[in-house]
file upload-v9.pdb (PDB, C-alpha atoms, pLDDT in the B column)
ATOM      1  CA  MET X 574     -21.469 -16.693 -11.587  1.00 48.00           C
ATOM      2  CA  GLN X 575     -24.701 -16.318 -13.460  1.00 53.00           C
ATOM      3  CA  ARG X 576     -27.023 -19.109 -14.548  1.00 52.00           C
ATOM      4  CA  ARG X 577     -28.428 -18.998 -18.021  1.00 54.00           C
ATOM      5  CA  ASN X 578     -30.399 -21.417 -20.116  1.00 55.00           C
ATOM      6  CA  ARG X 579     -28.835 -21.596 -23.516  1.00 52.00           C
ATOM      7  CA  PRO X 580     -30.013 -23.599 -26.496  1.00 52.00           C
ATOM      8  CA  LYS X 581     -27.744 -26.419 -27.607  1.00 52.00           C
ATOM      9  CA  SER X 582     -25.186 -25.189 -30.036  1.00 48.00           C
ATOM     10  CA  GLN X 583     -24.950 -26.461 -33.543  1.00 52.00           C
ATOM     11  CA  GLY X 584     -21.627 -26.108 -35.261  1.00 53.00           C
ATOM     12  CA  ARG X 585     -20.164 -24.061 -32.410  1.00 55.00           C
ATOM     13  CA  ASP X 586     -17.389 -24.636 -29.939  1.00 52.00           C
ATOM     14  CA  PRO X 587     -18.225 -27.803 -27.931  1.00 49.00           C
ATOM     15  CA  TRP X 588     -17.072 -26.209 -24.690  1.00 45.00           C
ATOM     16  CA  LYS X 589     -19.612 -23.450 -25.074  1.00 51.00           C
ATOM     17  CA  SER X 590     -22.350 -26.055 -25.266  1.00 48.00           C
ATOM     18  CA  VAL X 591     -20.983 -27.772 -22.148  1.00 44.00           C
ATOM     19  CA  ILE X 592     -20.906 -24.468 -20.311  1.00 47.00           C
ATOM     20  CA  GLY X 593     -24.416 -23.722 -21.546  1.00 50.00           C
ATOM     21  CA  THR X 594     -25.628 -27.162 -20.425  1.00 50.00           C
ATOM     22  CA  ILE X 595     -24.156 -26.723 -16.978  1.00 50.00           C
ATOM     23  CA  GLY X 596     -25.636 -23.255 -16.833  1.00 49.00           C
ATOM     24  CA  PHE X 597     -22.600 -21.206 -15.898  1.00 50.00           C
ATOM     25  CA  VAL X 598     -21.258 -18.282 -17.814  1.00 49.00           C
ATOM     26  CA  ALA X 599     -17.676 -17.165 -17.380  1.00 51.00           C
ATOM     27  CA  PRO X 600     -17.382 -13.652 -16.007  1.00 58.00           C
ATOM     28  CA  SER X 601     -16.724 -10.999 -18.594  1.00 63.00           C
ATOM     29  CA  PHE X 602     -13.565  -8.958 -18.781  1.00 59.00           C
ATOM     30  CA  ASP X 603     -15.427  -5.936 -17.389  1.00 68.00           C
ATOM     31  CA  ALA X 604     -16.694  -7.923 -14.401  1.00 68.00           C
ATOM     32  CA  ALA X 605     -13.191  -9.167 -13.621  1.00 67.00           C
ATOM     33  CA  ARG X 606     -11.793  -5.652 -13.991  1.00 72.00           C
ATOM     34  CA  THR X 607     -14.479  -4.299 -11.669  1.00 82.00           C
ATOM     35  CA  ALA X 608     -13.708  -6.982  -9.079  1.00 83.00           C
ATOM     36  CA  ASN X 609      -9.987  -6.227  -9.299  1.00 88.00           C
ATOM     37  CA  SER X 610     -10.682  -2.500  -8.975  1.00 88.00           C
ATOM     38  CA  ARG X 611     -12.750  -3.091  -5.862  1.00 90.00           C
ATOM     39  CA  ALA X 612     -10.069  -5.341  -4.357  1.00 91.00           C
ATOM     40  CA  LEU X 613      -7.359  -2.760  -5.048  1.00 93.00           C
ATOM     41  CA  ALA X 614      -9.577  -0.011  -3.632  1.00 93.00           C
ATOM     42  CA  CYS X 615     -10.154  -2.020  -0.437  1.00 93.00           C
ATOM     43  CA  LEU X 616      -6.410  -2.580  -0.110  1.00 95.00           C
ATOM     44  CA  ARG X 617      -5.763   1.125  -0.742  1.00 95.00           C
ATOM     45  CA  LEU X 618      -8.320   2.113   1.890  1.00 95.00           C
ATOM     46  CA  SER X 619      -6.920  -0.366   4.426  1.00 96.00           C
ATOM     47  CA  VAL X 620      -3.334   0.809   4.007  1.00 97.00           C
ATOM     48  CA  GLY X 621      -4.545   4.409   4.059  1.00 97.00           C
ATOM     49  CA  VAL X 622      -6.408   3.921   7.338  1.00 97.00           C
ATOM     50  CA  LEU X 623      -3.284   2.384   8.901  1.00 97.00           C
ATOM     51  CA  PHE X 624      -1.217   5.381   7.833  1.00 98.00           C
ATOM     52  CA  VAL X 625      -3.833   7.842   9.088  1.00 98.00           C
ATOM     53  CA  ILE X 626      -3.886   6.081  12.470  1.00 97.00           C
ATOM     54  CA  PHE X 627      -0.111   6.090  12.821  1.00 95.00           C
ATOM     55  CA  GLY X 628       0.298   9.579  11.381  1.00 96.00           C
ATOM     56  CA  GLN X 629      -2.398  11.305  13.420  1.00 96.00           C
ATOM     57  CA  TYR X 630      -1.004  10.338  16.823  1.00 94.00           C
ATOM     58  CA  LYS X 631       2.411  11.615  15.733  1.00 96.00           C
ATOM     59  CA  VAL X 632       0.995  14.889  14.384  1.00 96.00           C
ATOM     60  CA  PHE X 633      -1.508  15.629  17.160  1.00 95.00           C
ATOM     61  CA  GLY X 634       0.646  14.333  20.009  1.00 94.00           C
ATOM     62  CA  THR X 635       4.039  15.638  21.029  1.00 93.00           C
ATOM     63  CA  GLN X 636       5.835  12.496  22.215  1.00 95.00           C
ATOM     64  CA  PHE X 637       7.067  11.417  18.788  1.00 95.00           C
ATOM     65  CA  THR X 638       8.081  14.816  17.385  1.00 94.00           C
ATOM     66  CA  LEU X 639       8.991  16.935  20.419  1.00 94.00           C
ATOM     67  CA  GLY X 640       9.335  14.409  23.236  1.00 92.00           C
ATOM     68  CA  GLY X 641      12.211  12.360  21.885  1.00 92.00           C
ATOM     69  CA  GLY X 642      10.175   9.443  20.556  1.00 95.00           C
ATOM     70  CA  PHE X 643      11.695   9.661  17.089  1.00 96.00           C
ATOM     71  CA  GLU X 644      15.238   9.871  18.478  1.00 97.00           C
ATOM     72  CA  ASP X 645      14.566   6.815  20.686  1.00 96.00           C
ATOM     73  CA  TRP X 646      13.519   4.797  17.631  1.00 95.00           C
ATOM     74  CA  ILE X 647      16.625   5.841  15.692  1.00 97.00           C
ATOM     75  CA  ARG X 648      18.893   4.921  18.621  1.00 97.00           C
ATOM     76  CA  ARG X 649      17.162   1.546  18.892  1.00 95.00           C
ATOM     77  CA  PHE X 650      17.653   0.976  15.154  1.00 96.00           C
ATOM     78  CA  LEU X 651      21.346   1.847  15.488  1.00 96.00           C
ATOM     79  CA  SER X 652      21.905  -0.498  18.417  1.00 94.00           C
ATOM     80  CA  GLU X 653      19.869  -3.450  17.190  1.00 90.00           C
ATOM     81  CA  SER X 654      18.808  -3.734  13.614  1.00 90.00           C
ATOM     82  CA  ALA X 655      20.058  -1.253  11.010  1.00 95.00           C
ATOM     83  CA  TYR X 656      21.708  -2.535   7.856  1.00 96.00           C
ATOM     84  CA  PRO X 657      25.431  -1.654   7.995  1.00 96.00           C
ATOM     85  CA  PHE X 658      25.204   0.842   5.115  1.00 97.00           C
ATOM     86  CA  MET X 659      22.398   2.716   6.931  1.00 97.00           C
ATOM     87  CA  VAL X 660      24.311   3.163  10.206  1.00 97.00           C
ATOM     88  CA  PRO X 661      26.307   6.237   9.071  1.00 97.00           C
ATOM     89  CA  VAL X 662      23.183   7.799   7.534  1.00 97.00           C
ATOM     90  CA  LEU X 663      21.190   7.343  10.732  1.00 97.00           C
ATOM     91  CA  ARG X 664      24.059   8.358  13.032  1.00 97.00           C
ATOM     92  CA  ASP X 665      25.550  11.254  11.039  1.00 97.00           C
ATOM     93  CA  PHE X 666      22.524  12.740   9.284  1.00 97.00           C
ATOM     94  CA  VAL X 667      19.216  11.633  10.842  1.00 97.00           C
ATOM     95  CA  LEU X 668      20.103  12.006  14.547  1.00 97.00           C
ATOM     96  CA  PRO X 669      21.636  15.506  14.207  1.00 97.00           C
ATOM     97  CA  HIS X 670      18.484  16.615  12.328  1.00 97.00           C
ATOM     98  CA  ALA X 671      16.043  14.526  14.340  1.00 96.00           C
ATOM     99  CA  ARG X 672      13.367  17.120  15.068  1.00 96.00           C
ATOM    100  CA  PRO X 673      12.716  18.287  11.468  1.00 97.00           C
ATOM    101  CA  ILE X 674      12.876  14.701  10.215  1.00 97.00           C
ATOM    102  CA  ALA X 675      10.425  13.629  12.951  1.00 97.00           C
ATOM    103  CA  PHE X 676       7.955  16.256  11.724  1.00 97.00           C
ATOM    104  CA  LEU X 677       8.564  15.136   8.126  1.00 97.00           C
ATOM    105  CA  VAL X 678       7.810  11.530   9.104  1.00 97.00           C
ATOM    106  CA  ALA X 679       4.708  12.459  11.106  1.00 97.00           C
ATOM    107  CA  TYR X 680       3.142  14.726   8.501  1.00 98.00           C
ATOM    108  CA  GLY X 681       4.323  12.444   5.696  1.00 98.00           C
ATOM    109  CA  GLU X 682       2.557   9.425   7.200  1.00 98.00           C
ATOM    110  CA  LEU X 683      -0.626  11.428   7.679  1.00 98.00           C
ATOM    111  CA  ALA X 684      -0.474  12.830   4.136  1.00 98.00           C
ATOM    112  CA  ILE X 685       0.122   9.374   2.630  1.00 98.00           C
ATOM    113  CA  GLY X 686      -2.791   7.985   4.625  1.00 97.00           C
ATOM    114  CA  LEU X 687      -5.189  10.779   3.680  1.00 97.00           C
ATOM    115  CA  ALA X 688      -4.241  10.545   0.001  1.00 96.00           C
ATOM    116  CA  LEU X 689      -4.896   6.804  -0.007  1.00 96.00           C
ATOM    117  CA  VAL X 690      -8.165   7.026   1.933  1.00 95.00           C
ATOM    118  CA  LEU X 691      -9.496   9.806  -0.269  1.00 94.00           C
ATOM    119  CA  GLY X 692      -8.162   8.271  -3.459  1.00 92.00           C
ATOM    120  CA  ALA X 693      -6.509  11.525  -4.452  1.00 91.00           C
ATOM    121  CA  MET X 694      -2.925  11.464  -5.698  1.00 93.00           C
ATOM    122  CA  SER X 695      -2.628   7.812  -4.676  1.00 94.00           C
ATOM    123  CA  ARG X 696       0.262   7.134  -7.030  1.00 95.00           C
ATOM    124  CA  THR X 697       2.266  10.090  -5.719  1.00 96.00           C
ATOM    125  CA  ALA X 698       1.540   8.974  -2.152  1.00 97.00           C
ATOM    126  CA  SER X 699       2.616   5.456  -3.135  1.00 97.00           C
ATOM    127  CA  VAL X 700       5.994   6.666  -4.396  1.00 97.00           C
ATOM    128  CA  PHE X 701       6.675   8.385  -1.079  1.00 98.00           C
ATOM    129  CA  GLY X 702       5.173   5.487   0.874  1.00 98.00           C
ATOM    130  CA  GLY X 703       7.422   3.021  -0.949  1.00 97.00           C
ATOM    131  CA  ILE X 704      10.504   5.142  -0.260  1.00 97.00           C
ATOM    132  CA  PHE X 705       9.448   5.418   3.381  1.00 98.00           C
ATOM    133  CA  MET X 706       8.932   1.655   3.721  1.00 97.00           C
ATOM    134  CA  LEU X 707      12.279   0.849   2.092  1.00 96.00           C
ATOM    135  CA  THR X 708      13.986   3.355   4.392  1.00 97.00           C
ATOM    136  CA  LEU X 709      12.374   1.700   7.415  1.00 96.00           C
ATOM    137  CA  LEU X 710      13.229  -1.741   6.088  1.00 95.00           C
ATOM    138  CA  PHE X 711      16.930  -0.908   5.747  1.00 96.00           C
ATOM    139  CA  SER X 712      16.959   0.978   9.047  1.00 96.00           C
ATOM    140  CA  SER X 713      15.315  -1.651  11.214  1.00 93.00           C
ATOM    141  CA  ASP X 714      15.130  -5.120   9.654  1.00 92.00           C
ATOM    142  CA  TYR X 715      18.724  -6.351   9.388  1.00 93.00           C
ATOM    143  CA  PRO X 716      18.797 -10.012  10.489  1.00 93.00           C
ATOM    144  CA  GLY X 717      22.586 -10.076  10.897  1.00 91.00           C
ATOM    145  CA  PRO X 718      25.576 -11.045   8.766  1.00 91.00           C
ATOM    146  CA  GLN X 719      25.229 -14.789   9.458  1.00 91.00           C
ATOM    147  CA  ALA X 720      21.567 -14.978   8.458  1.00 91.00           C
ATOM    148  CA  ALA X 721      20.404 -17.238   5.662  1.00 92.00           C
ATOM    149  CA  PHE X 722      19.055 -15.536   2.543  1.00 90.00           C
ATOM    150  CA  TRP X 723      15.412 -16.282   3.388  1.00 91.00           C
ATOM    151  CA  GLN X 724      15.797 -14.685   6.827  1.00 91.00           C
ATOM    152  CA  TYR X 725      16.317 -11.287   5.204  1.00 90.00           C
ATOM    153  CA  PHE X 726      12.781 -11.558   3.835  1.00 89.00           C
ATOM    154  CA  GLY X 727      11.396 -12.940   7.090  1.00 89.00           C
ATOM    155  CA  ALA X 728      12.918 -10.080   9.080  1.00 89.00           C
ATOM    156  CA  SER X 729      11.517  -7.485   6.711  1.00 91.00           C
ATOM    157  CA  LEU X 730       7.916  -8.692   6.315  1.00 91.00           C
ATOM    158  CA  GLU X 731       6.525  -5.824   8.365  1.00 90.00           C
ATOM    159  CA  HIS X 732       7.801  -3.236   5.895  1.00 95.00           C
ATOM    160  CA  LEU X 733       8.138  -5.325   2.749  1.00 95.00           C
ATOM    161  CA  VAL X 734       4.425  -6.144   2.575  1.00 96.00           C
ATOM    162  CA  LEU X 735       3.493  -2.466   2.716  1.00 97.00           C
ATOM    163  CA  ALA X 736       6.182  -1.639   0.125  1.00 97.00           C
ATOM    164  CA  LEU X 737       4.606  -4.254  -2.164  1.00 96.00           C
ATOM    165  CA  CYS X 738       1.170  -2.715  -1.572  1.00 96.00           C
ATOM    166  CA  PHE X 739       2.558   0.643  -2.679  1.00 97.00           C
ATOM    167  CA  ALA X 740       4.040  -1.039  -5.754  1.00 96.00           C
ATOM    168  CA  ALA X 741       0.598  -2.488  -6.559  1.00 95.00           C
ATOM    169  CA  PHE X 742      -0.921   0.995  -6.271  1.00 95.00           C
ATOM    170  CA  LEU X 743       1.693   2.301  -8.708  1.00 94.00           C
ATOM    171  CA  ILE X 744       1.107  -0.491 -11.220  1.00 94.00           C
ATOM    172  CA  GLY X 745      -2.664  -0.705 -10.943  1.00 90.00           C
ATOM    173  CA  ARG X 746      -5.476   1.801 -11.047  1.00 89.00           C
ATOM    174  CA  PRO X 747      -5.935   2.590  -7.365  1.00 88.00           C
ATOM    175  CA  GLU X 748      -8.381   5.455  -7.911  1.00 88.00           C
ATOM    176  CA  GLU X 749     -10.756   3.684 -10.295  1.00 87.00           C
ATOM    177  CA  THR X 750     -13.207   2.778  -7.521  1.00 84.00           C
ATOM    178  CA  LEU X 751     -14.115   4.264  -4.130  1.00 84.00           C
ATOM    179  CA  SER X 752     -12.163   7.476  -4.614  1.00 86.00           C
ATOM    180  CA  LEU X 753     -12.812  11.184  -5.022  1.00 87.00           C
ATOM    181  CA  SER X 754     -12.020  11.020  -8.721  1.00 82.00           C
ATOM    182  CA  SER X 755     -14.389   8.084  -9.311  1.00 81.00           C
ATOM    183  CA  PHE X 756     -17.197   9.836  -7.415  1.00 82.00           C
ATOM    184  CA  ARG X 757     -16.549  13.054  -9.335  1.00 79.00           C
ATOM    185  CA  LYS X 758     -16.534  11.182 -12.652  1.00 77.00           C
ATOM    186  CA  ARG X 759     -19.799   9.410 -11.824  1.00 76.00           C
ATOM    187  CA  ARG X 760     -21.383  12.696 -10.822  1.00 77.00           C
ATOM    188  CA  VAL X 761     -20.333  14.383 -14.067  1.00 74.00           C
ATOM    189  CA  ASP X 762     -21.601  11.390 -16.091  1.00 75.00           C
ATOM    190  CA  ARG X 763     -24.997  11.595 -14.362  1.00 77.00           C
ATOM    191  CA  HIS X 764     -25.432  15.239 -15.328  1.00 73.00           C
ATOM    192  CA  ARG X 765     -24.764  14.618 -19.027  1.00 71.00           C
TER     193      ARG X 765
END

call {"tool": "encode", "arguments": {"input": "upload-v9.pdb", "output": "structure tokens"}}
result
Amino acid sequence: MQRRNRPKSQGRDPWKSVIGTIGFVAPSFDAARTANSRALACLRLSVGVLFVIFGQYKVFGTQFTLGGGFEDWIRRFLSESAYPFMVPVLRDFVLPHARPIAFLVAYGELAIGLALVLGAMSRTASVFGGIFMLTLLFSSDYPGPQAAFWQYFGASLEHLVLALCFAAFLIGRPEETLSLSSFRKRRVDRHR
């Protein structure tokens, strides 16, 4: 907050004179918007870095895509934690097509991460990231038929939090700050 010396008000709002006496000025709408943009940009960058880390080892290594790593995860989901409606999808569609889907997951994670880090096509990446997180949530976070309602949320925190981050990127303006488009816009504005 900024300190300012203001003269005592005459005939104005009494709260403004109190604020002026104390010396604090409420932040403007633009300052709040800038702070929110920076916070959303930091969140976007953080989620993007996570996706780049997890995507790059899958793309540049062979264990996940060619070495059976993806199939092992799907089998584990089927035996332990898939929601009942996802079992036939995982068993009858994903496992028979495991290799192409493994490459789709690997390159998809890397693409989502790069888009978020660069701040290019963040909303499109967020749509696919949200679909990916919901797919993982329903494939791996089933707490069981006897679980209390709150346990469904507790079991799914790992994927639900990231799905909510993607929702925030869709709702907000994720590319307003610290992105390729914001740097390009600033550069064009400087040359005018």

call {"tool": "atom_distance", "arguments": {"input": "upload-v9.pdb", "atom1": "CA of Tyr725 (chain X)", "atom2": "CA of Thr697 (chain X)"}}
result
27.8 Å

call {"tool": "atom_distance", "arguments": {"input": "upload-v9.pdb", "atom1": "CA of Ala721 (chain X)", "atom2": "CA of Val734 (chain X)"}}
result
19.7 Å

call {"tool": "resolve_selection", "arguments": {"input": "upload-v9.pdb", "expression": "the PyMOL selection byres ((chain X and resi 624) around 9)", "output": "PDB file with C-alpha atoms, in the frame of the given file"}}
result
ATOM      1  CA  SER X 619      -6.920  -0.366   4.426  1.00 96.00           C
ATOM      2  CA  VAL X 620      -3.334   0.809   4.007  1.00 97.00           C
ATOM      3  CA  GLY X 621      -4.545   4.409   4.059  1.00 97.00           C
ATOM      4  CA  VAL X 622      -6.408   3.921   7.338  1.00 97.00           C
ATOM      5  CA  LEU X 623      -3.284   2.384   8.901  1.00 97.00           C
ATOM      6  CA  VAL X 625      -3.833   7.842   9.088  1.00 98.00           C
ATOM      7  CA  ILE X 626      -3.886   6.081  12.470  1.00 97.00           C
ATOM      8  CA  PHE X 627      -0.111   6.090  12.821  1.00 95.00           C
ATOM      9  CA  GLY X 628       0.298   9.579  11.381  1.00 96.00           C
ATOM     10  CA  GLN X 629      -2.398  11.305  13.420  1.00 96.00           C
ATOM     11  CA  GLU X 682       2.557   9.425   7.200  1.00 98.00           C
ATOM     12  CA  LEU X 683      -0.626  11.428   7.679  1.00 98.00           C
ATOM     13  CA  ALA X 684      -0.474  12.830   4.136  1.00 98.00           C
ATOM     14  CA  ILE X 685       0.122   9.374   2.630  1.00 98.00           C
ATOM     15  CA  GLY X 686      -2.791   7.985   4.625  1.00 97.00           C
ATOM     16  CA  LEU X 687      -5.189  10.779   3.680  1.00 97.00           C
ATOM     17  CA  LEU X 689      -4.896   6.804  -0.007  1.00 96.00           C
TER      18      LEU X 689
END

call {"tool": "closest_residue", "arguments": {"input": "upload-v9.pdb", "among": "X:Pro716, X:Gly692, X:Gly702, X:Gly727", "to": "Ser752 (chain X)", "atoms": "only C-alpha atoms"}}
result
X:Gly692

call {"tool": "residues_around", "arguments": {"input": "upload-v9.pdb", "residues": "region 636-650 of chain X", "least_positions_apart": "4", "cutoff": "10 Å", "atoms": "all atoms listed in the file", "output": "PyMOL selection string"}}
result
chain X and resi 630-632+654-656+659-660+663-664+667-679+709+711-715

call {"tool": "atom_distance", "arguments": {"input": "upload-v9.pdb", "atom1": "CA of Ser754 (chain X)", "atom2": "CA of Cys738 (chain X)"}}
result
20.3 Å

call {"tool": "closest_residue", "arguments": {"input": "upload-v9.pdb", "among": "X:Leu616, X:Met706, X:Leu691, X:Pro718", "to": "Pro657 (chain X)", "atoms": "only C-alpha atoms"}}
result
X:Pro718

call {"tool": "closest_residue", "arguments": {"input": "upload-v9.pdb", "among": "X:Ser699, X:Ser755, X:Ser652, X:Thr750", "to": "Leu735 (chain X)", "atoms": "all atoms listed in the file"}}
result
X:Ser699

call {"tool": "axis_aligned_box", "arguments": {"input": "upload-v9.pdb", "around": "region 626-639 of chain X", "padding_each_side": "6 Å", "output": "AutoDock Vina command-line options"}}
result
--center_x 2.6 --center_y 11.5 --center_z 16.8 --size_x 24.9 --size_y 22.9 --size_z 22.8

call {"tool": "residues_around", "arguments": {"input": "upload-v9.pdb", "residues": "Ala612 (chain X)", "least_positions_apart": "4", "cutoff": "12 Å", "atoms": "all atoms listed in the file", "output": "ChimeraX atom specification"}}
result
/X:605-608,616-619,738,741-742,745-751

call {"tool": "residues_around", "arguments": {"input": "upload-v9.pdb", "residues": "Val700 (chain X)", "least_positions_apart": "3", "cutoff": "9 Å", "atoms": "all atoms listed in the file", "output": "JSON, numbers by chain"}}
result
{"X": [695, 696, 697, 703, 704, 705, 739, 740, 743]}

call {"tool": "write_last_selection", "arguments": {"input": "upload-v9.pdb", "atoms": "C-alpha atoms", "output": "PDB file, in the coordinates of the input"}}
result
ATOM      1  CA  SER X 695      -2.628   7.812  -4.676  1.00 94.00           C
ATOM      2  CA  ARG X 696       0.262   7.134  -7.030  1.00 95.00           C
ATOM      3  CA  THR X 697       2.266  10.090  -5.719  1.00 96.00           C
ATOM      4  CA  GLY X 703       7.422   3.021  -0.949  1.00 97.00           C
ATOM      5  CA  ILE X 704      10.504   5.142  -0.260  1.00 97.00           C
ATOM      6  CA  PHE X 705       9.448   5.418   3.381  1.00 98.00           C
ATOM      7  CA  PHE X 739       2.558   0.643  -2.679  1.00 97.00           C
ATOM      8  CA  ALA X 740       4.040  -1.039  -5.754  1.00 96.00           C
ATOM      9  CA  LEU X 743       1.693   2.301  -8.708  1.00 94.00           C
TER      10      LEU X 743
END

call {"tool": "decode", "arguments": {"input": "upload-v9.pdb", "residues": "region 686-707 of chain X", "atoms": "C-alpha atoms", "output": "PDB file, in the first residue's frame"}}
result
ATOM      1  CA  GLY X 686       3.573 -27.988 -20.606  1.00  0.00           C
ATOM      2  CA  LEU X 687       5.303 -26.043 -23.376  1.00  0.00           C
ATOM      3  CA  ALA X 688       2.124 -24.126 -24.216  1.00  0.00           C
ATOM      4  CA  LEU X 689       1.683 -23.119 -20.580  1.00  0.00           C
ATOM      5  CA  VAL X 690       5.336 -22.190 -20.038  1.00  0.00           C
ATOM      6  CA  LEU X 691       5.472 -20.124 -23.210  1.00  0.00           C
ATOM      7  CA  GLY X 692       2.035 -18.631 -22.695  1.00  0.00           C
ATOM      8  CA  ALA X 693       0.987 -19.579 -26.205  1.00  0.00           C
ATOM      9  CA  MET X 694      -2.386 -21.234 -26.735  1.00  0.00           C
ATOM     10  CA  SER X 695      -2.790 -21.625 -22.973  1.00  0.00           C
ATOM     11  CA  ARG X 696      -6.561 -21.934 -23.163  1.00  0.00           C
ATOM     12  CA  THR X 697      -6.389 -24.684 -25.787  1.00  0.00           C
ATOM     13  CA  ALA X 698      -3.765 -26.485 -23.697  1.00  0.00           C
ATOM     14  CA  SER X 699      -6.025 -26.055 -20.662  1.00  0.00           C
ATOM     15  CA  VAL X 700      -8.957 -27.738 -22.403  1.00  0.00           C
ATOM     16  CA  PHE X 701      -6.811 -30.768 -23.201  1.00  0.00           C
ATOM     17  CA  GLY X 702      -5.145 -30.645 -19.784  1.00  0.00           C
ATOM     18  CA  GLY X 703      -8.538 -30.612 -18.069  1.00  0.00           C
ATOM     19  CA  ILE X 704      -9.743 -33.570 -20.135  1.00  0.00           C
ATOM     20  CA  PHE X 705      -6.502 -35.391 -19.339  1.00  0.00           C
ATOM     21  CA  MET X 706      -6.815 -34.720 -15.598  1.00  0.00           C
ATOM     22  CA  LEU X 707     -10.455 -35.836 -15.501  1.00  0.00           C
TER      23      LEU X 707
END
